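Next comes query.cif, with mmCIF, C-alpha atoms.
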data_protein
#
loop_
_atom_site.label_atom_id
_atom_site.label_comp_id
_atom_site.auth_asym_id
_atom_site.auth_seq_id
_atom_site.Cartn_x
_atom_site.Cartn_y
_atom_site.Cartn_z
CA MET A 1132 91.75 174.62 108.77
CA GLN A 1133 92.03 172.86 105.46
CA ARG A 1134 95.79 172.69 105.90
CA ARG A 1135 95.36 171.10 109.33
CA VAL A 1136 92.94 168.52 107.94
CA MET A 1137 95.34 167.72 105.13
CA CYS A 1138 98.20 167.30 107.59
CA GLN A 1139 96.08 164.99 109.75
CA ALA A 1140 95.09 162.97 106.69
CA ALA A 1141 98.69 162.71 105.59
CA THR A 1142 99.65 161.52 109.06
CA LEU A 1143 96.92 158.87 109.04
CA ILE A 1144 97.92 157.68 105.58
CA ALA A 1145 101.55 157.47 106.64
CA ALA A 1146 100.59 155.54 109.78
CA ALA A 1147 98.42 153.16 107.77
CA ALA A 1148 101.21 152.64 105.27
CA PHE A 1149 103.66 151.93 108.08
CA ALA A 1150 101.26 149.45 109.69
CA ALA A 1151 100.68 147.73 106.35
CA GLY A 1152 104.40 147.56 105.77
CA ALA A 1153 104.98 146.11 109.22
CA ALA A 1154 102.24 143.52 108.67
CA ALA A 1155 103.77 142.61 105.35
CA GLN A 1156 107.05 141.92 107.12
CA GLU A 1157 105.48 139.28 109.40
CA VAL A 1158 105.36 135.77 107.98
CA THR A 1159 103.52 132.79 109.43
CA LEU A 1160 105.03 129.35 108.86
CA ARG A 1161 102.83 126.22 108.98
CA LEU A 1162 104.50 123.42 110.97
CA VAL A 1163 103.50 119.77 111.35
CA SER A 1164 105.02 117.01 113.44
CA ALA A 1165 105.63 113.45 112.28
CA PHE A 1166 105.43 112.48 115.95
CA ALA A 1167 102.44 112.30 118.29
CA GLU A 1168 101.46 115.52 119.97
CA ASN A 1169 101.61 113.92 123.44
CA GLY A 1170 105.11 112.49 122.87
CA ILE A 1171 108.38 113.80 124.23
CA TYR A 1172 109.52 115.41 120.97
CA VAL A 1173 106.48 117.66 120.58
CA GLN A 1174 106.47 118.35 124.31
CA ARG A 1175 110.01 119.64 123.94
CA LEU A 1176 109.18 121.65 120.81
CA GLN A 1177 106.01 123.38 121.98
CA PRO A 1178 107.70 125.80 124.43
CA TRP A 1179 110.12 126.75 121.66
CA ILE A 1180 107.23 127.55 119.31
CA ASN A 1181 105.64 129.68 122.03
CA LYS A 1182 108.93 131.54 122.51
CA VAL A 1183 109.36 132.12 118.76
CA ASN A 1184 105.87 133.56 118.53
CA ALA A 1185 106.14 135.72 121.65
CA GLU A 1186 109.44 137.29 120.58
CA GLY A 1187 108.72 137.35 116.84
CA LYS A 1188 105.63 139.53 116.62
CA GLY A 1189 105.82 141.57 113.45
CA VAL A 1190 108.62 139.39 112.09
CA LEU A 1191 107.85 135.65 112.13
CA GLN A 1192 105.23 133.35 113.63
CA ILE A 1193 104.82 129.57 113.63
CA ASN A 1194 101.39 127.96 113.32
CA PHE A 1195 101.59 124.42 114.71
CA ILE A 1196 99.02 122.46 112.72
CA GLY A 1197 99.39 119.16 114.58
CA GLY A 1198 100.86 115.69 114.49
CA PRO A 1199 100.17 112.54 112.45
CA ARG A 1200 96.45 113.24 112.27
CA ALA A 1201 97.28 116.27 110.12
CA ILE A 1202 99.94 114.64 107.93
CA PRO A 1203 100.86 110.90 108.13
CA PRO A 1204 104.42 110.50 109.49
CA PHE A 1205 105.85 109.01 106.31
CA GLU A 1206 104.35 111.81 104.23
CA SER A 1207 105.93 114.63 106.26
CA GLY A 1208 108.92 114.88 103.93
CA ASN A 1209 106.79 115.02 100.80
CA ALA A 1210 104.54 117.62 102.42
CA VAL A 1211 107.58 119.85 102.99
CA LYS A 1212 109.07 119.14 99.57
CA THR A 1213 105.88 120.10 97.74
CA GLY A 1214 105.01 123.05 99.97
CA VAL A 1215 101.82 121.55 101.40
CA VAL A 1216 103.32 122.70 104.71
CA ASP A 1217 106.22 125.03 105.33
CA MET A 1218 108.03 123.10 108.07
CA ALA A 1219 108.04 119.68 109.69
CA LEU A 1220 109.47 118.08 112.78
CA SER A 1221 110.57 114.71 111.45
CA THR A 1222 113.39 112.21 111.18
CA GLY A 1223 115.29 111.30 108.04
CA ALA A 1224 114.14 107.70 108.38
CA PHE A 1225 110.57 108.92 107.74
CA TYR A 1226 111.28 110.57 104.38
CA THR A 1227 113.57 108.19 102.57
CA ASN A 1228 110.72 108.14 100.01
CA VAL A 1229 111.90 111.66 99.12
CA MET A 1230 115.60 110.77 99.11
CA PRO A 1231 117.43 107.72 100.51
CA GLU A 1232 120.21 109.97 101.84
CA ALA A 1233 117.83 111.17 104.58
CA ASP A 1234 118.57 107.97 106.52
CA PHE A 1235 122.30 108.73 106.56
CA LEU A 1236 121.76 111.18 109.42
CA LYS A 1237 121.58 108.26 111.89
CA LEU A 1238 125.32 107.75 111.25
CA THR A 1239 126.43 111.09 112.71
CA GLN A 1240 128.81 110.63 115.63
CA VAL A 1241 129.58 114.27 116.40
CA PRO A 1242 127.25 116.83 118.03
CA VAL A 1243 125.25 119.14 115.80
CA ALA A 1244 127.29 122.10 117.06
CA GLU A 1245 130.39 120.40 115.65
CA GLN A 1246 128.52 119.58 112.43
CA ARG A 1247 127.92 123.29 111.98
CA ARG A 1248 131.62 124.02 112.54
CA ASN A 1249 133.20 121.25 110.45
CA GLY A 1250 131.08 121.70 107.30
CA ALA A 1251 128.78 118.70 107.79
CA PHE A 1252 125.71 120.90 108.21
CA ASP A 1253 126.43 122.74 104.96
CA ALA A 1254 127.09 119.45 103.18
CA ILE A 1255 123.75 118.09 104.39
CA ASN A 1256 121.97 121.19 103.13
CA ARG A 1257 123.50 120.98 99.68
CA VAL A 1258 121.95 117.52 99.32
CA TRP A 1259 118.65 118.49 101.00
CA ASN A 1260 118.37 121.55 98.74
CA ASP A 1261 119.16 119.67 95.53
CA LYS A 1262 117.31 116.41 96.12
CA GLY A 1263 114.60 117.29 98.62
CA ASN A 1264 113.69 120.88 97.76
CA MET A 1265 114.09 121.56 101.47
CA GLN A 1266 116.32 123.34 103.96
CA TYR A 1267 117.67 121.33 106.90
CA LEU A 1268 117.12 123.81 109.74
CA ALA A 1269 118.13 122.31 113.07
CA ARG A 1270 118.58 119.03 114.91
CA MET A 1271 116.71 118.98 118.21
CA VAL A 1272 117.39 115.40 119.36
CA GLU A 1273 120.84 113.96 120.07
CA ASN A 1274 122.38 111.38 122.41
CA GLN A 1275 119.49 108.97 121.86
CA PRO A 1276 121.09 105.67 120.83
CA PHE A 1277 119.11 102.76 119.46
CA HIS A 1278 119.10 99.46 121.36
CA ILE A 1279 118.04 95.88 120.88
CA TYR A 1280 115.26 94.91 123.29
CA LEU A 1281 114.54 91.21 123.83
CA ASN A 1282 112.41 88.79 125.80
CA LYS A 1283 115.03 86.04 125.37
CA LYS A 1284 118.56 86.28 126.76
CA ILE A 1285 121.67 86.20 124.55
CA ASP A 1286 125.29 85.98 125.68
CA LYS A 1287 126.95 87.32 122.53
CA PRO A 1288 126.05 89.75 119.73
CA ASP A 1289 124.28 87.11 117.65
CA LEU A 1290 120.53 87.09 116.96
CA SER A 1291 120.41 83.68 115.27
CA GLY A 1292 117.03 82.02 115.73
CA LEU A 1293 115.34 85.22 116.92
CA LYS A 1294 112.56 87.13 115.21
CA ILE A 1295 113.14 90.85 115.64
CA ARG A 1296 110.79 93.68 114.73
CA ILE A 1297 112.65 96.27 112.68
CA THR A 1298 112.40 99.52 110.80
CA PRO A 1299 114.61 100.37 107.81
CA VAL A 1300 116.96 102.23 110.20
CA TYR A 1301 118.53 99.02 111.45
CA ARG A 1302 117.30 96.32 109.06
CA ASP A 1303 120.72 95.69 107.52
CA PHE A 1304 122.50 95.68 110.88
CA PHE A 1305 120.09 93.20 112.49
CA GLN A 1306 120.28 90.93 109.45
CA SER A 1307 124.09 91.03 109.74
CA LEU A 1308 123.58 89.68 113.29
CA ASN A 1309 121.60 86.75 111.78
CA ALA A 1310 118.16 87.90 112.95
CA SER A 1311 114.95 87.02 111.17
CA VAL A 1312 113.40 90.44 110.69
CA VAL A 1313 109.73 91.37 110.86
CA THR A 1314 108.20 94.72 109.90
CA THR A 1315 105.12 95.86 111.82
CA ALA A 1316 103.57 99.17 112.73
CA PRO A 1317 104.53 100.40 116.23
CA GLY A 1318 100.94 99.91 117.39
CA GLU A 1319 101.21 96.17 116.65
CA VAL A 1320 104.45 95.49 118.52
CA TYR A 1321 102.88 94.90 121.95
CA THR A 1322 100.58 92.18 120.60
CA ALA A 1323 103.41 90.68 118.52
CA LEU A 1324 105.54 90.36 121.67
CA GLU A 1325 102.62 89.00 123.67
CA ARG A 1326 101.85 86.31 121.08
CA GLY A 1327 105.47 85.38 120.37
CA VAL A 1328 105.33 86.66 116.79
CA VAL A 1329 108.58 88.50 117.58
CA ASP A 1330 111.23 87.93 120.25
CA GLY A 1331 112.30 91.56 120.42
CA TYR A 1332 112.61 94.85 118.63
CA GLY A 1333 114.88 97.79 117.95
CA TRP A 1334 114.06 101.17 119.50
CA PRO A 1335 115.81 104.22 120.92
CA ILE A 1336 116.65 104.38 124.62
CA GLY A 1337 113.56 106.48 125.29
CA GLY A 1338 109.92 105.94 124.48
CA ILE A 1339 109.10 102.32 125.27
CA PHE A 1340 106.95 103.37 128.25
CA ASP A 1341 104.80 105.52 125.98
CA LEU A 1342 103.78 102.30 124.23
CA ASN A 1343 103.73 100.03 127.33
CA TRP A 1344 106.34 97.77 125.74
CA GLN A 1345 108.16 97.47 129.08
CA GLU A 1346 105.44 95.02 130.11
CA LYS A 1347 106.64 92.55 127.46
CA THR A 1348 110.38 93.36 127.51
CA LYS A 1349 112.86 91.44 129.65
CA PHE A 1350 116.26 92.57 128.35
CA ARG A 1351 118.02 95.56 126.76
CA VAL A 1352 121.29 94.98 124.93
CA ASP A 1353 124.07 97.46 125.68
CA PRO A 1354 125.82 99.32 124.18
CA GLY A 1355 123.52 101.37 121.99
CA PHE A 1356 124.32 102.19 118.38
CA TYR A 1357 123.58 104.98 115.87
CA ASP A 1358 121.84 108.13 117.14
CA ALA A 1359 118.13 108.81 116.78
CA GLU A 1360 117.83 112.01 114.74
CA VAL A 1361 114.84 114.34 114.96
CA SER A 1362 115.10 117.65 113.14
CA LEU A 1363 113.23 120.61 111.69
CA ILE A 1364 113.08 120.81 107.90
CA MET A 1365 111.58 123.54 105.72
CA ASN A 1366 110.35 123.94 102.18
CA LEU A 1367 113.24 125.50 100.25
CA PRO A 1368 111.28 128.09 98.19
CA LYS A 1369 109.54 129.22 101.38
CA TYR A 1370 112.85 129.49 103.20
CA ARG A 1371 114.36 131.52 100.36
CA SER A 1372 111.32 133.82 100.33
CA LEU A 1373 112.04 135.00 103.87
CA THR A 1374 113.46 138.49 104.23
CA GLN A 1375 116.90 138.77 105.75
CA PRO A 1376 115.53 139.94 109.13
CA GLN A 1377 113.10 137.01 109.15
CA ARG A 1378 115.86 134.55 108.28
CA ASP A 1379 118.18 136.03 110.90
CA TYR A 1380 115.46 135.81 113.55
CA LEU A 1381 114.65 132.20 112.66
CA GLN A 1382 118.33 131.25 112.74
CA LYS A 1383 118.75 132.82 116.17
CA GLN A 1384 115.85 130.77 117.51
CA LEU A 1385 117.06 127.56 115.84
CA LEU A 1386 120.47 127.87 117.49
CA ALA A 1387 118.74 128.46 120.82
CA LEU A 1388 116.76 125.25 120.27
CA GLU A 1389 119.92 123.24 119.56
CA ALA A 1390 121.58 124.72 122.64
CA GLU A 1391 118.98 122.85 124.72
CA ASN A 1392 120.10 119.45 123.41
CA THR A 1393 122.01 118.78 126.64
CA PHE A 1394 118.59 117.69 127.92
CA TRP A 1395 118.82 114.41 126.01
CA ALA A 1396 121.82 113.05 127.93
CA ARG A 1397 119.87 113.56 131.17
CA TYR A 1398 116.79 112.02 129.60
CA THR A 1399 118.82 108.95 128.58
CA ALA A 1400 120.07 108.47 132.14
CA ASP A 1401 116.51 108.80 133.47
CA GLU A 1402 115.17 106.27 130.96
CA VAL A 1403 117.92 103.75 131.81
CA ALA A 1404 117.01 104.03 135.50
CA ARG A 1405 113.32 103.77 134.70
CA GLN A 1406 113.83 100.62 132.65
CA GLN A 1407 115.88 99.06 135.43
CA LYS A 1408 113.14 99.85 137.95
CA ALA A 1409 110.61 98.23 135.60
CA GLY A 1410 112.64 95.00 135.72
CA ILE A 1411 114.36 95.20 132.35
CA GLU A 1412 117.72 93.49 132.69
CA THR A 1413 120.77 94.83 130.87
CA ILE A 1414 122.77 92.46 128.67
CA LYS A 1415 126.38 93.63 128.45
CA PHE A 1416 129.26 92.19 126.44
CA ASP A 1417 132.93 92.44 127.33
CA ALA A 1418 134.87 95.50 126.13
CA ALA A 1419 136.18 93.89 122.94
CA ALA A 1420 132.79 92.46 121.95
CA SER A 1421 131.06 95.78 122.72
CA LYS A 1422 133.48 97.69 120.50
CA ALA A 1423 133.11 95.14 117.71
CA PHE A 1424 129.30 95.37 118.03
CA VAL A 1425 129.25 99.15 117.60
CA ASP A 1426 131.92 99.12 114.90
CA LYS A 1427 129.90 96.58 112.95
CA ALA A 1428 126.75 98.72 113.22
CA TYR A 1429 128.51 101.67 111.62
CA GLN A 1430 130.32 99.55 109.04
CA VAL A 1431 127.02 98.00 107.92
CA GLY A 1432 125.37 101.43 107.94
CA TRP A 1433 128.05 103.04 105.80
CA ASP A 1434 128.20 100.04 103.46
CA SER A 1435 124.47 100.45 102.87
CA ALA A 1436 124.88 104.20 102.34
CA GLN A 1437 127.68 103.55 99.87
CA LYS A 1438 125.44 101.24 97.81
CA GLN A 1439 122.60 103.76 97.77
CA SER A 1440 124.55 106.93 97.04
CA PRO A 1441 128.33 106.42 96.81
CA GLU A 1442 129.36 110.01 96.09
CA ILE A 1443 127.29 111.51 98.90
CA ALA A 1444 128.25 108.76 101.37
CA ALA A 1445 131.92 109.46 100.65
CA ARG A 1446 131.33 113.18 101.20
CA PHE A 1447 129.44 112.69 104.47
CA LYS A 1448 131.53 109.98 106.15
CA PRO A 1449 134.60 112.04 107.18
CA LEU A 1450 132.34 114.88 108.36
CA PHE A 1451 130.10 112.62 110.47
CA ALA A 1452 132.92 110.71 112.18
CA PRO A 1453 134.70 111.85 115.37
CA LYS A 1454 138.28 112.98 114.98
#
Could you write out this file's structure as structure tokens?
Amino acid sequence: MQRRVMCQAATLIAAAAFAAGAAAQEVTLRLVSAFAENGIYVQRLQPWINKVNAEGKGVLQINFIGGPRAIPPFESGNAVKTGVVDMALSTGAFYTNVMPEADFLKLTQVPVAEQRRNGAFDAINRVWNDKGNMQYLARMVENQPFHIYLNKKIDKPDLSGLKIRITPVYRDFFQSLNASVVTTAPGEVYTALERGVVDGYGWPIGGIFDLNWQEKTKFRVDPGFYDAEVSLIMNLPKYRSLTQPQRDYLQKQLLALEAENTFWARYTADEVARQQKAGIETIKFDAAASKAFVDKAYQVGWDSAQKQSPEIAARFKPLFAPK
């Protein structure tokens, strides 16, 4: 009898130890978004989070804390760097206050799958590790070029006499096109257009309908330039604290997320059609002028990168450019 009781106790202890060990192997990562929860980026990310959590029980879970109400967009990088949160969905343009090199990601001209093959991804992570105390995990937005949107027509790539709302992403480029640049919060752009404070703005191909800017926009300049980058970043010490199974599982899910990036080409086509239906006219230059326009955008971008961080710009440029 006593022996049977002892055996049962031993079994219970072993089971409890196993359960405790299994629980210890599950990690929960706190994730914030620099973008609004009702926007397209979070809408695309949420099903991925659900999938990670459903398939990762006992290994890895993600707790989505929220969007800008949780952490202001331009503090998302610092929050990851300092470990206030474990992960963030953000864009390099939002955390140049952590490191200016974060904005260089707009200059990539090859898909993220190619960046992983040609060494660009590893080169990015060496900088992100050293200067940002973070791991660059995955890029979930591609094929989203920026455009110039106007309420006055132009017939050549020259913005002389026009006041254009900008962000740091394209400040230097628009100034090289002779624009007078104005910085405002996105929430103020509609009123600025309405009152004539600005004659246009820069923005990616998607998203103007979320802000109702189509009501005050008459023209979109083609072609687009640069590529809007939205990625997942993670606190480096937290990333390194993951067990190998946890890291392997996370990597598997990150690659699955990037594999869905074909969505963005379809989204671009849909947004172009939607803008046309809304009455936004496309301004197109001839082939030579269009090529010169795009070439100038990248030349200005790389010149700026070279001034900010010459060694890293030189390292990135051949890896970011198409062969």
- Item | Picked residues, the PyMOL selection byres ((chain A and resi 1255) around 12), expected as a ChimeraX atom specification | /A:1223,1232-1236,1239,1243,1246-1247,1249-1254,1256-1263,1265-1270,1364,1443-1444,1446-1448,1450-1451
- Query: Which polymer residues, protein or nucleic acid, are no farther than 9 Å from (126.6, 94.5, 109.2), counting all atoms listed in the file, as number ranges by chain?
  - Reply: A: 1303-1308, 1427-1432, 1434-1435
- Answer key for the PyMOL selection byres ((chain A and resi 1310) around 9), residues as a list in words: Asp1289, Leu1290, Ser1291, Gly1292, Leu1293, Lys1294, Ile1295, Phe1305, Gln1306, Ser1307, Leu1308, Asn1309, Ser1311 and Val1312 of chain A
Which residues of segment 1214-1243 of chain A come within 12 Å of segment 1184-1193 of chain A, and for each one, what is the closest pair of atoms and their distance in Å to one decimal, counting only C-alpha atoms, sorted by chain and residue number, as CSV?
residue,atom,partner,partner_atom,distance
A:Val1216,CA,A:Ile1193,CA,11.4
A:Asp1217,CA,A:Ile1193,CA,9.6
A:Met1218,CA,A:Ile1193,CA,9.1
A:Ala1219,CA,A:Ile1193,CA,11.1
- Task: Give me the residues within 9 Å of segment 1371-1387 of chain A as a list in words, counting only C-alpha atoms and dropping any in the same chain fewer than 3 places off.
- Result: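 The filter keeps Gln1156, Glu1157, Val1158, Trp1179, Lys1182, Val1183, Gly1187, Val1190, Leu1191, Ala1244, Leu1268, Ala1269, Arg1270, Met1271, Leu1363, Asn1366, Leu1367, Pro1368, Ala1390 and Glu1391 of chain A.
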- Can you list what the PyMOL selection byres ((chain A and resi 1335-1348) around 10) grabs from this structure, as a ChimeraX atom specification? /A:1169-1171,1274-1283,1317-1318,1320-1325,1330-1334,1349-1351,1355-1359,1395,1398-1403,1405-1406,1409-1412
- When you draw a straight line from atom CA of Val1211 of chain A to atom CA of Pro1449 of chain A, how long is it in Å?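 A separation of 28.4 Å between them.
Across the model, the gap from atom CA of Thr1227 of chain A to atom CA of Pro1242 of chain A is 22.4 Å.
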- Task: Kindly give the distance, in Å, that separates atom CA of Leu1176 of chain A and atom CA of Glu1360 of chain A, rounded to a single decimal.
- Result: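 Answer for the atom CA of Leu1176 of chain A to atom CA of Glu1360 of chain A separation: 14.3 Å.
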- Query: What's the 12 Å shell around Val1173 of chain A, counting all atoms listed in the file, without same-chain residues fewer than 6 positions away, as an NGL selection string?
  - Reply: :A and (1162-1167 or 1179-1180 or 1195-1199 or 1219-1221 or 1271-1272 or 1361-1363)
- Task: Identify, on the basis of all atoms listed in the file, every residue whose closest approach to Asn1228 of chain A does not exceed 10 Å; exclude the query and any residue fewer than 3 positions from it along the same chain; express the result as a ChimeraX atom specification.
- Result: /A:1205-1206,1208-1209,1223-1225,1231-1233
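Counting all atoms listed in the file, the residue from A:Ala1452, A:Arg1296, A:Met1230, A:Lys1284 that sits nearest to Gln1439 of chain A is A:Met1230.
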All heavy atoms restored at segment 1416-1427 of chain A, emitted as a PDB file, in the coordinates of the input:
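Result file out37.pdb:
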ATOM      1  N   PHE A1416     128.157  93.010 126.948  1.00  0.00           N
ATOM      2  CA  PHE A1416     129.260  92.190 126.440  1.00  0.00           C
ATOM      3  C   PHE A1416     130.566  92.709 127.039  1.00  0.00           C
ATOM      4  O   PHE A1416     130.606  93.798 127.629  1.00  0.00           O
ATOM      5  CB  PHE A1416     129.305  92.254 124.916  1.00  0.00           C
ATOM      6  CG  PHE A1416     127.979  91.972 124.249  1.00  0.00           C
ATOM      7  CD1 PHE A1416     127.415  92.869 123.355  1.00  0.00           C
ATOM      8  CD2 PHE A1416     127.272  90.801 124.539  1.00  0.00           C
ATOM      9  CE1 PHE A1416     126.198  92.615 122.737  1.00  0.00           C
ATOM     10  CE2 PHE A1416     126.049  90.536 123.928  1.00  0.00           C
ATOM     11  CZ  PHE A1416     125.503  91.444 123.029  1.00  0.00           C
ATOM     12  N   ASP A1417     131.639  91.936 126.856  1.00  0.00           N
ATOM     13  CA  ASP A1417     132.930  92.440 127.330  1.00  0.00           C
ATOM     14  C   ASP A1417     133.375  93.597 126.423  1.00  0.00           C
ATOM     15  O   ASP A1417     132.753  93.886 125.384  1.00  0.00           O
ATOM     16  CB  ASP A1417     133.986  91.342 127.388  1.00  0.00           C
ATOM     17  CG  ASP A1417     134.270  90.710 126.030  1.00  0.00           C
ATOM     18  OD1 ASP A1417     134.332  91.445 125.019  1.00  0.00           O
ATOM     19  OD2 ASP A1417     134.457  89.477 125.971  1.00  0.00           O
ATOM     20  N   ALA A1418     134.446  94.275 126.818  1.00  0.00           N
ATOM     21  CA  ALA A1418     134.870  95.500 126.130  1.00  0.00           C
ATOM     22  C   ALA A1418     135.142  95.264 124.646  1.00  0.00           C
ATOM     23  O   ALA A1418     134.718  96.056 123.787  1.00  0.00           O
ATOM     24  CB  ALA A1418     136.098  96.084 126.816  1.00  0.00           C
ATOM     25  N   ALA A1419     135.833  94.170 124.335  1.00  0.00           N
ATOM     26  CA  ALA A1419     136.180  93.890 122.940  1.00  0.00           C
ATOM     27  C   ALA A1419     134.934  93.601 122.118  1.00  0.00           C
ATOM     28  O   ALA A1419     134.768  94.103 120.996  1.00  0.00           O
ATOM     29  CB  ALA A1419     137.148  92.709 122.866  1.00  0.00           C
ATOM     30  N   ALA A1420     134.017  92.801 122.669  1.00  0.00           N
ATOM     31  CA  ALA A1420     132.790  92.460 121.950  1.00  0.00           C
ATOM     32  C   ALA A1420     131.900  93.691 121.783  1.00  0.00           C
ATOM     33  O   ALA A1420     131.247  93.861 120.744  1.00  0.00           O
ATOM     34  CB  ALA A1420     132.042  91.349 122.679  1.00  0.00           C
ATOM     35  N   SER A1421     131.870  94.556 122.793  1.00  0.00           N
ATOM     36  CA  SER A1421     131.060  95.780 122.720  1.00  0.00           C
ATOM     37  C   SER A1421     131.569  96.689 121.615  1.00  0.00           C
ATOM     38  O   SER A1421     130.779  97.245 120.830  1.00  0.00           O
ATOM     39  CB  SER A1421     131.078  96.519 124.062  1.00  0.00           C
ATOM     40  OG  SER A1421     130.434  95.765 125.055  1.00  0.00           O
ATOM     41  N   LYS A1422     132.893  96.842 121.545  1.00  0.00           N
ATOM     42  CA  LYS A1422     133.480  97.690 120.500  1.00  0.00           C
ATOM     43  C   LYS A1422     133.192  97.108 119.120  1.00  0.00           C
ATOM     44  O   LYS A1422     132.822  97.828 118.179  1.00  0.00           O
ATOM     45  CB  LYS A1422     134.974  97.848 120.706  1.00  0.00           C
ATOM     46  CG  LYS A1422     135.630  98.779 119.677  1.00  0.00           C
ATOM     47  CD  LYS A1422     137.123  98.947 119.939  1.00  0.00           C
ATOM     48  CE  LYS A1422     137.729  99.958 118.965  1.00  0.00           C
ATOM     49  NZ  LYS A1422     137.500  99.642 117.556  1.00  0.00           N
ATOM     50  N   ALA A1423     133.353  95.789 119.000  1.00  0.00           N
ATOM     51  CA  ALA A1423     133.110  95.140 117.710  1.00  0.00           C
ATOM     52  C   ALA A1423     131.640  95.283 117.298  1.00  0.00           C
ATOM     53  O   ALA A1423     131.324  95.478 116.117  1.00  0.00           O
ATOM     54  CB  ALA A1423     133.489  93.660 117.797  1.00  0.00           C
ATOM     55  N   PHE A1424     130.733  95.230 118.272  1.00  0.00           N
ATOM     56  CA  PHE A1424     129.300  95.370 118.030  1.00  0.00           C
ATOM     57  C   PHE A1424     128.983  96.744 117.438  1.00  0.00           C
ATOM     58  O   PHE A1424     128.314  96.865 116.411  1.00  0.00           O
ATOM     59  CB  PHE A1424     128.570  95.159 119.352  1.00  0.00           C
ATOM     60  CG  PHE A1424     127.079  95.374 119.311  1.00  0.00           C
ATOM     61  CD1 PHE A1424     126.231  94.427 118.771  1.00  0.00           C
ATOM     62  CD2 PHE A1424     126.523  96.526 119.850  1.00  0.00           C
ATOM     63  CE1 PHE A1424     124.850  94.621 118.753  1.00  0.00           C
ATOM     64  CE2 PHE A1424     125.157  96.733 119.845  1.00  0.00           C
ATOM     65  CZ  PHE A1424     124.317  95.775 119.299  1.00  0.00           C
ATOM     66  N   VAL A1425     129.507  97.792 118.077  1.00  0.00           N
ATOM     67  CA  VAL A1425     129.250  99.150 117.600  1.00  0.00           C
ATOM     68  C   VAL A1425     129.947  99.407 116.266  1.00  0.00           C
ATOM     69  O   VAL A1425     129.362 100.001 115.347  1.00  0.00           O
ATOM     70  CB  VAL A1425     129.704 100.190 118.657  1.00  0.00           C
ATOM     71  CG1 VAL A1425     129.574 101.610 118.114  1.00  0.00           C
ATOM     72  CG2 VAL A1425     128.883 100.037 119.933  1.00  0.00           C
ATOM     73  N   ASP A1426     131.194  98.943 116.164  1.00  0.00           N
ATOM     74  CA  ASP A1426     131.920  99.120 114.900  1.00  0.00           C
ATOM     75  C   ASP A1426     131.186  98.459 113.743  1.00  0.00           C
ATOM     76  O   ASP A1426     131.118  99.011 112.629  1.00  0.00           O
ATOM     77  CB  ASP A1426     133.330  98.528 115.013  1.00  0.00           C
ATOM     78  CG  ASP A1426     134.255  99.363 115.896  1.00  0.00           C
ATOM     79  OD1 ASP A1426     133.888 100.506 116.242  1.00  0.00           O
ATOM     80  OD2 ASP A1426     135.345  98.864 116.243  1.00  0.00           O
ATOM     81  N   LYS A1427     130.624  97.292 114.001  1.00  0.00           N
ATOM     82  CA  LYS A1427     129.900  96.580 112.950  1.00  0.00           C
ATOM     83  C   LYS A1427     128.644  97.351 112.545  1.00  0.00           C
ATOM     84  O   LYS A1427     128.300  97.429 111.346  1.00  0.00           O
ATOM     85  CB  LYS A1427     129.526  95.179 113.415  1.00  0.00           C
ATOM     86  CG  LYS A1427     128.860  94.338 112.324  1.00  0.00           C
ATOM     87  CD  LYS A1427     128.695  92.881 112.769  1.00  0.00           C
ATOM     88  CE  LYS A1427     128.190  92.026 111.626  1.00  0.00           C
ATOM     89  NZ  LYS A1427     128.115  90.589 111.988  1.00  0.00           N
TER      90      LYS A1427
END
